[in-house]
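Source file input03.csv; content: CSV, C-alpha atoms.
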```csv
chain,number,residue,atom,x,y,z
A,1,VAL,CA,-23.6,-68.7,-222.6
A,2,GLN,CA,-24.2,-68.3,-218.9
A,3,ASP,CA,-27.0,-65.8,-219.6
A,4,VAL,CA,-29.0,-68.2,-221.8
A,5,MET,CA,-32.1,-69.6,-220.1
A,6,VAL,CA,-33.4,-72.9,-221.5
A,7,ASP,CA,-37.1,-73.6,-221.0
A,8,ALA,CA,-37.9,-77.2,-221.8
A,9,TRP,CA,-41.3,-77.9,-223.5
A,10,CYS,CA,-42.7,-81.3,-224.3
A,11,VAL,CA,-42.4,-82.3,-228.0
A,12,GLY,CA,-46.2,-82.7,-228.3
A,13,TYR,CA,-47.5,-85.1,-231.0
A,14,TYR,CA,-47.7,-83.9,-234.6
A,15,GLY,CA,-47.0,-87.1,-236.4
A,16,PRO,CA,-45.4,-90.6,-236.1
A,17,GLU,CA,-41.9,-89.0,-235.5
A,18,ASP,CA,-43.2,-87.7,-232.2
A,19,HIS,CA,-44.3,-91.1,-230.9
A,20,PRO,CA,-43.4,-91.1,-227.2
A,21,ARG,CA,-40.7,-93.7,-227.2
A,22,ARG,CA,-38.3,-91.4,-225.3
A,23,ARG,CA,-38.5,-88.5,-223.0
A,24,LEU,CA,-37.9,-85.7,-225.5
A,25,SER,CA,-38.3,-82.0,-225.2
A,26,LYS,CA,-38.1,-79.1,-227.7
A,27,PRO,CA,-36.7,-76.3,-225.5
A,28,LEU,CA,-37.2,-72.6,-226.1
A,29,LEU,CA,-34.3,-70.2,-225.5
A,30,PHE,CA,-34.2,-66.9,-223.8
A,31,VAL,CA,-31.4,-64.5,-222.8
A,32,ARG,CA,-31.2,-62.9,-219.3
A,33,THR,CA,-29.6,-59.5,-218.8
A,34,ASN,CA,-26.1,-60.0,-217.5
A,35,GLY,CA,-25.6,-58.7,-214.0
A,36,VAL,CA,-29.3,-57.8,-213.3
A,37,ASP,CA,-30.7,-59.6,-210.3
A,38,ASN,CA,-34.3,-60.9,-210.6
A,39,ASP,CA,-34.2,-60.4,-214.3
A,40,ASN,CA,-37.2,-61.5,-216.3
A,41,GLY,CA,-35.6,-64.0,-218.7
A,42,TYR,CA,-38.8,-64.5,-220.7
A,43,ALA,CA,-38.7,-60.9,-221.9
A,44,ARG,CA,-35.9,-61.6,-224.4
A,45,PRO,CA,-36.6,-64.7,-226.5
A,46,VAL,CA,-34.1,-66.2,-228.9
A,47,GLU,CA,-36.1,-67.0,-232.0
A,48,GLY,CA,-35.3,-69.5,-234.7
A,49,ILE,CA,-33.2,-72.0,-232.7
A,50,TYR,CA,-34.7,-75.5,-233.1
A,51,ILE,CA,-33.5,-78.1,-230.6
A,52,VAL,CA,-34.6,-81.6,-229.6
A,53,VAL,CA,-33.2,-83.0,-226.3
A,54,ASP,CA,-33.3,-86.6,-225.0
A,55,HIS,CA,-33.8,-86.3,-221.2
A,56,GLN,CA,-32.9,-89.9,-220.6
A,57,THR,CA,-29.5,-89.6,-222.2
A,58,MET,CA,-29.1,-85.8,-221.7
A,59,GLN,CA,-28.1,-85.4,-225.3
A,60,VAL,CA,-29.1,-82.9,-228.0
A,61,VAL,CA,-30.4,-85.1,-230.8
A,62,GLU,CA,-31.4,-82.4,-233.2
A,63,PHE,CA,-30.2,-78.8,-233.7
A,64,GLU,CA,-31.1,-76.3,-236.4
A,65,ASP,CA,-30.6,-72.5,-236.7
A,66,ARG,CA,-33.5,-71.3,-238.8
A,67,GLY,CA,-32.9,-67.7,-238.2
A,68,GLY,CA,-35.5,-65.4,-236.7
A,69,ALA,CA,-36.3,-62.1,-235.1
A,70,PRO,CA,-33.4,-60.2,-233.4
A,71,ILE,CA,-33.1,-60.5,-229.6
A,72,PRO,CA,-34.9,-57.7,-227.9
A,73,PRO,CA,-32.5,-55.2,-226.1
A,74,PRO,CA,-32.3,-55.1,-222.3
A,75,ASP,CA,-35.1,-53.0,-220.9
A,76,PRO,CA,-35.6,-52.5,-217.1
A,77,LEU,CA,-39.4,-52.0,-217.7
A,78,ARG,CA,-39.6,-55.7,-218.8
A,79,ASN,CA,-38.5,-57.0,-215.4
A,80,TYR,CA,-41.7,-56.3,-213.4
A,81,ILE,CA,-39.9,-56.3,-210.1
A,82,GLY,CA,-42.2,-55.6,-207.2
A,83,GLU,CA,-39.6,-53.5,-205.4
A,84,ALA,CA,-39.4,-51.2,-208.4
A,85,ALA,CA,-43.1,-50.4,-208.2
A,86,PRO,CA,-44.0,-49.8,-204.6
A,87,PRO,CA,-47.7,-49.4,-203.6
A,88,ALA,CA,-49.3,-46.1,-204.5
A,89,PHE,CA,-50.2,-45.7,-200.8
A,90,PRO,CA,-48.9,-47.4,-197.6
A,91,LEU,CA,-50.8,-50.6,-196.6
A,92,LYS,CA,-52.0,-51.0,-193.1
A,93,PRO,CA,-51.0,-54.0,-191.0
A,94,LEU,CA,-53.1,-57.2,-191.2
A,95,HIS,CA,-53.3,-59.4,-188.1
A,96,ILE,CA,-55.0,-62.8,-188.1
A,97,THR,CA,-55.1,-64.5,-184.7
A,98,GLN,CA,-56.9,-67.5,-183.2
A,99,PRO,CA,-56.1,-67.4,-179.4
A,100,GLN,CA,-57.8,-70.8,-178.9
A,101,GLY,CA,-56.0,-72.4,-181.7
A,102,PRO,CA,-57.2,-73.6,-185.1
A,103,SER,CA,-60.6,-75.3,-185.7
A,104,PHE,CA,-59.1,-78.1,-187.7
A,105,ILE,CA,-57.5,-81.3,-186.4
A,106,VAL,CA,-54.7,-83.1,-188.1
A,107,ASP,CA,-53.8,-86.8,-187.5
A,108,GLY,CA,-51.1,-87.8,-189.9
A,109,THR,CA,-52.6,-87.2,-193.3
A,110,ALA,CA,-56.2,-87.2,-191.9
A,111,VAL,CA,-57.8,-83.8,-191.6
A,112,ALA,CA,-61.0,-82.9,-189.7
A,113,TRP,CA,-62.7,-79.5,-189.9
A,114,HIS,CA,-66.3,-78.7,-188.8
A,115,ASN,CA,-68.4,-81.5,-190.4
A,116,TRP,CA,-65.8,-82.4,-193.0
A,117,ARG,CA,-63.3,-85.3,-193.0
A,118,PHE,CA,-60.6,-86.0,-195.7
A,119,ARG,CA,-57.1,-87.3,-196.2
A,120,ILE,CA,-54.2,-85.5,-197.8
A,121,GLY,CA,-52.3,-87.0,-200.7
A,122,PHE,CA,-49.7,-85.8,-203.2
A,123,THR,CA,-48.6,-87.2,-206.6
A,124,PRO,CA,-45.9,-86.0,-209.1
A,125,ARG,CA,-48.5,-85.6,-211.8
A,126,GLU,CA,-51.5,-84.0,-210.0
A,127,GLY,CA,-50.0,-82.4,-207.0
A,128,LEU,CA,-52.5,-82.2,-204.1
A,129,VAL,CA,-55.0,-85.0,-203.8
A,130,LEU,CA,-58.0,-85.2,-201.4
A,131,ASN,CA,-59.1,-88.7,-200.5
A,132,SER,CA,-62.2,-90.0,-198.7
A,133,LEU,CA,-63.9,-86.7,-198.6
A,134,SER,CA,-67.0,-86.9,-196.4
A,135,ILE,CA,-69.4,-84.7,-194.4
A,136,PHE,CA,-71.6,-85.3,-191.4
A,137,ASP,CA,-75.2,-84.8,-192.6
A,138,GLN,CA,-76.9,-83.0,-189.7
A,139,ASP,CA,-80.4,-83.7,-191.2
A,140,LYS,CA,-79.8,-87.5,-191.4
A,141,LEU,CA,-77.4,-87.6,-188.5
A,142,ALA,CA,-75.0,-89.8,-190.6
A,143,VAL,CA,-71.7,-89.5,-192.4
A,144,ARG,CA,-72.2,-89.0,-196.2
A,145,MET,CA,-69.4,-89.7,-198.6
A,146,VAL,CA,-68.9,-86.8,-201.0
A,147,ALA,CA,-66.0,-88.0,-203.1
A,148,HIS,CA,-63.5,-90.9,-203.0
A,149,ARG,CA,-60.8,-88.9,-204.7
A,150,LEU,CA,-60.4,-85.3,-205.9
A,151,SER,CA,-57.5,-83.9,-207.8
A,152,PHE,CA,-56.5,-81.4,-210.4
A,153,THR,CA,-56.2,-83.8,-213.3
A,154,GLU,CA,-55.1,-81.5,-216.0
A,155,MET,CA,-54.5,-77.9,-217.0
A,156,VAL,CA,-53.8,-76.6,-220.5
A,157,VAL,CA,-53.2,-73.0,-221.6
A,158,PRO,CA,-53.3,-72.5,-225.4
A,159,TYR,CA,-51.1,-69.5,-226.1
A,160,GLY,CA,-52.8,-68.7,-229.4
A,161,ASP,CA,-49.8,-67.7,-231.4
A,162,PRO,CA,-49.8,-69.5,-234.8
A,163,THR,CA,-46.2,-68.7,-235.6
A,164,ASP,CA,-43.3,-71.2,-235.3
A,165,PRO,CA,-42.2,-72.3,-232.7
A,166,HIS,CA,-45.0,-70.8,-230.5
A,167,PHE,CA,-47.8,-72.8,-231.9
A,168,ARG,CA,-46.3,-75.7,-229.9
A,169,LYS,CA,-46.9,-73.9,-226.7
A,170,ASN,CA,-50.0,-75.8,-225.6
A,171,ALA,CA,-48.6,-77.7,-222.7
A,172,PHE,CA,-50.6,-80.1,-220.6
A,173,ASP,CA,-49.1,-78.9,-217.4
A,174,ALA,CA,-50.1,-82.0,-215.4
A,175,GLY,CA,-49.7,-84.8,-217.9
A,176,GLU,CA,-46.6,-83.5,-219.7
A,177,ASP,CA,-44.8,-81.7,-217.0
A,178,GLY,CA,-46.2,-82.6,-213.6
A,179,LEU,CA,-48.0,-80.2,-211.3
A,180,GLY,CA,-46.7,-82.0,-208.2
A,181,LYS,CA,-43.1,-82.2,-209.0
A,182,ASN,CA,-43.0,-78.5,-209.9
A,183,ALA,CA,-44.6,-77.4,-206.6
A,184,ASN,CA,-42.6,-74.8,-204.7
A,185,SER,CA,-41.2,-75.6,-201.3
A,186,LEU,CA,-42.6,-73.5,-198.6
A,187,LYS,CA,-39.8,-74.3,-196.1
A,188,LEU,CA,-38.5,-70.7,-196.4
A,189,GLY,CA,-42.0,-69.3,-195.6
A,190,CYS,CA,-44.7,-67.7,-197.6
A,191,ASP,CA,-47.4,-65.0,-197.2
A,192,CYS,CA,-49.9,-67.3,-195.5
A,193,LEU,CA,-51.2,-65.8,-192.2
A,194,GLY,CA,-52.9,-67.3,-189.2
A,195,GLU,CA,-52.9,-70.9,-188.0
A,196,ILE,CA,-51.3,-72.8,-190.9
A,197,ARG,CA,-50.4,-76.5,-191.1
A,198,TYR,CA,-47.9,-77.5,-193.8
A,199,PHE,CA,-47.5,-81.0,-195.3
A,200,ASP,CA,-44.2,-82.3,-196.8
A,201,ALA,CA,-44.7,-83.9,-200.2
A,202,HIS,CA,-42.9,-87.1,-201.0
A,203,LEU,CA,-42.6,-88.0,-204.7
A,204,THR,CA,-40.6,-90.2,-207.0
A,205,ASN,CA,-38.3,-88.6,-209.6
A,206,PHE,CA,-37.4,-89.8,-213.1
A,207,HIS,CA,-34.8,-92.1,-211.6
A,208,GLY,CA,-37.3,-93.8,-209.2
A,209,GLU,CA,-35.7,-92.1,-206.2
A,210,VAL,CA,-37.7,-90.4,-203.4
A,211,GLN,CA,-37.8,-86.7,-203.7
A,212,THR,CA,-39.2,-84.6,-200.8
A,213,ILE,CA,-40.6,-81.1,-201.1
A,214,GLU,CA,-40.3,-79.6,-197.7
A,215,ASN,CA,-43.0,-77.3,-196.4
```
Structure translated into structure tokens:
Amino acid sequence: VQDVMVDAWCVGYYGPEDHPRRRLSKPLLFVRTNGVDNDNGYARPVEGIYIVVDHQTMQVVEFEDRGGAPIPPPDPLRNYIGEAAPPAFPLKPLHITQPQGPSFIVDGTAVAWHNWRFRIGFTPREGLVLNSLSIFDQDKLAVRMVAHRLSFTEMVVPYGDPTDPHFRKNAFDAGEDGLGKNANSLKLGCDCLGEIRYFDAHLTNFHGEVQTIEN
């Protein structure tokens, strides 16, 4: 059981029974390879298990074993671990430096760079939000408003597999799952080089409590 990976997917809407009265999901199941670090759990799906979960009560409200394809056997080639496939030739060092400091200025959530001005925001649904985006028009010698609010409002990826249960995998990543609340914390560092400024993200979780993604 400890090797089973549960991937919660929104129930979608296929009829009145899927009316959004509760926070429900229809999880898909996968099996990780026991004892293998960095295992790619998605490589071994468990087909035919139909589950409905109520996330408010944390209860399984429906369960059905419909049978399905056998679980694929463990295969190291499915893991796609970077360390297992080193570069074909050594990469040379890359150095990015700004001895005089960055060209941008940050004051709280306000950011100024060159002729541009904007404010940083963050929501559980959209993730990064740019507010009051303006530019100084050098021809008119005046500030021109470009946008009051910019955000990534939605993203959907149709997987295109008509078989059950994969036809349901058409998630609206922002509206159904939340781009912001699934953002990774950069507290442990990332591969960004040069003069970088990180902003913590403060969100509300399902219980109305403050959740901070540290960066």
What does the distance from atom CA of A:Val31 to atom CA of A:Val4 come to in Å, to one decimal?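 These two atoms are separated by 4.5 Å.
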Residues near A:Tyr198, anyone? I mean within 12 Å using all atoms listed in the file, not counting same-chain ones fewer than 5 positions away, as a PDB file with C-alpha atoms, in the frame of the given file.
```pdb
ATOM      1  CA  VAL A 106     -54.700 -83.100-188.100  1.00  0.00           C
ATOM      2  CA  GLY A 108     -51.100 -87.800-189.900  1.00  0.00           C
ATOM      3  CA  THR A 109     -52.600 -87.200-193.300  1.00  0.00           C
ATOM      4  CA  VAL A 111     -57.800 -83.800-191.600  1.00  0.00           C
ATOM      5  CA  ILE A 120     -54.200 -85.500-197.800  1.00  0.00           C
ATOM      6  CA  SER A 185     -41.200 -75.600-201.300  1.00  0.00           C
ATOM      7  CA  LEU A 186     -42.600 -73.500-198.600  1.00  0.00           C
ATOM      8  CA  LYS A 187     -39.800 -74.300-196.100  1.00  0.00           C
ATOM      9  CA  LEU A 188     -38.500 -70.700-196.400  1.00  0.00           C
ATOM     10  CA  GLY A 189     -42.000 -69.300-195.600  1.00  0.00           C
ATOM     11  CA  CYS A 190     -44.700 -67.700-197.600  1.00  0.00           C
ATOM     12  CA  CYS A 192     -49.900 -67.300-195.500  1.00  0.00           C
ATOM     13  CA  ILE A 213     -40.600 -81.100-201.100  1.00  0.00           C
ATOM     14  CA  GLU A 214     -40.300 -79.600-197.700  1.00  0.00           C
ATOM     15  CA  ASN A 215     -43.000 -77.300-196.400  1.00  0.00           C
TER      16      ASN A 215
END
```
May I ask for the distance between atom CA of A:Phe206 and atom CA of A:Gly178, given in Å to one decimal place? 11.4 Å
Would you mind telling me which residue in A:Gly127, A:Leu133, A:Pro72, A:Pro158 lies nearest to A:Ala110 when using only C-alpha atoms?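 Answer, going by the shortest atom-to-atom distance: A:Leu133.
Distances to A:Gly68 were evaluated for A:Asp137, A:Asp173, A:Asp164, A:Glu47 using all atoms listed in the file, and the minimum falls at A:Glu47.
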So that I can check the surroundings of A:Gly101, please list as a PyMOL selection string every protein, DNA and RNA residue that reaches within 12 Å of it, counting only C-alpha atoms and ignoring chain neighbours fewer than 5 positions away. chain A and resi 96+194-197
Go through A:Pro124, A:Pro20, A:Gly160, A:Gly35 and flag the residue nearest A:Ala183, using only C-alpha atoms for the distances.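 Distance minimum relative to A:Ala183 lands on A:Pro124.
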Neighbour list for A:Cys10 as a list in words, cut-off 10 Å, all atoms listed in the file, skip fewer than 6 positions in-chain: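 The neighbour list is Arg23, Leu24, Ser25, Lys26, Pro27, Val52, Val53, Arg168, Lys169, Asn170, Ala171, Phe172, Asp173, Glu176 and Asp177 of chain A.
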Take the selection from the previous step and output its residues with C-alpha atoms, as a PDB file, in the frame of the given file.
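Result written to result.pdb:
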```pdb
ATOM      1  CA  ARG A  23     -38.500 -88.500-223.000  1.00  0.00           C
ATOM      2  CA  LEU A  24     -37.900 -85.700-225.500  1.00  0.00           C
ATOM      3  CA  SER A  25     -38.300 -82.000-225.200  1.00  0.00           C
ATOM      4  CA  LYS A  26     -38.100 -79.100-227.700  1.00  0.00           C
ATOM      5  CA  PRO A  27     -36.700 -76.300-225.500  1.00  0.00           C
ATOM      6  CA  VAL A  52     -34.600 -81.600-229.600  1.00  0.00           C
ATOM      7  CA  VAL A  53     -33.200 -83.000-226.300  1.00  0.00           C
ATOM      8  CA  ARG A 168     -46.300 -75.700-229.900  1.00  0.00           C
ATOM      9  CA  LYS A 169     -46.900 -73.900-226.700  1.00  0.00           C
ATOM     10  CA  ASN A 170     -50.000 -75.800-225.600  1.00  0.00           C
ATOM     11  CA  ALA A 171     -48.600 -77.700-222.700  1.00  0.00           C
ATOM     12  CA  PHE A 172     -50.600 -80.100-220.600  1.00  0.00           C
ATOM     13  CA  ASP A 173     -49.100 -78.900-217.400  1.00  0.00           C
ATOM     14  CA  GLU A 176     -46.600 -83.500-219.700  1.00  0.00           C
ATOM     15  CA  ASP A 177     -44.800 -81.700-217.000  1.00  0.00           C
TER      16      ASP A 177
END
```
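Picture a line from atom CA of A:Thr212 to atom CA of A:Asp200; it runs 6.8 Å.
Compared by their closest atoms to A:Gln211, and using only C-alpha atoms, the residues A:Gln138, A:Tyr50, A:Thr97, A:Phe122 rank with A:Phe122 nearest.
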Could you please give me, as a short mmCIF file (atom, residue, chain, number, x, y, z; two decimals) with C-alpha atoms, in the frame of the given file, the residues of protein, DNA or RNA lying at most 7 Å from (-39.3, -72.9, -226.9) in the coordinate frame of the file, considering only C-alpha atoms?
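File produced: part_2.cif:
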```
data_model
loop_
_atom_site.label_atom_id
_atom_site.label_comp_id
_atom_site.auth_asym_id
_atom_site.auth_seq_id
_atom_site.Cartn_x
_atom_site.Cartn_y
_atom_site.Cartn_z
CA ASP A 7 -37.10 -73.60 -221.00
CA ALA A 8 -37.90 -77.20 -221.80
CA TRP A 9 -41.30 -77.90 -223.50
CA LYS A 26 -38.10 -79.10 -227.70
CA PRO A 27 -36.70 -76.30 -225.50
CA LEU A 28 -37.20 -72.60 -226.10
CA LEU A 29 -34.30 -70.20 -225.50
CA PRO A 165 -42.20 -72.30 -232.70
#
```
Which residues, protein or nucleic acid, reach to within 12 Å of (-35.1, -62.7, -231.3) in the file's coordinates when using only C-alpha atoms, and can you give that as a PyMOL selection string? chain A and resi 28-31+42-49+66-73
I'd like the contact shell of A:Ala112 - 12 Å cut-off, only C-alpha atoms, skipping same-chain residues fewer than 2 positions apart - returned as a ChimeraX atom specification. /A:102-110,114-120,132-136
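Of the listed residues A:Asp65, A:Asn131, A:Val11, A:Asp18, the one whose atoms come nearest to A:Met145 is A:Asn131, with distances taken using all atoms listed in the file.
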Among listed residues A:His202, A:Arg32, A:Arg125, A:His55, nearest A:Glu154 (using only C-alpha atoms): A:Arg125
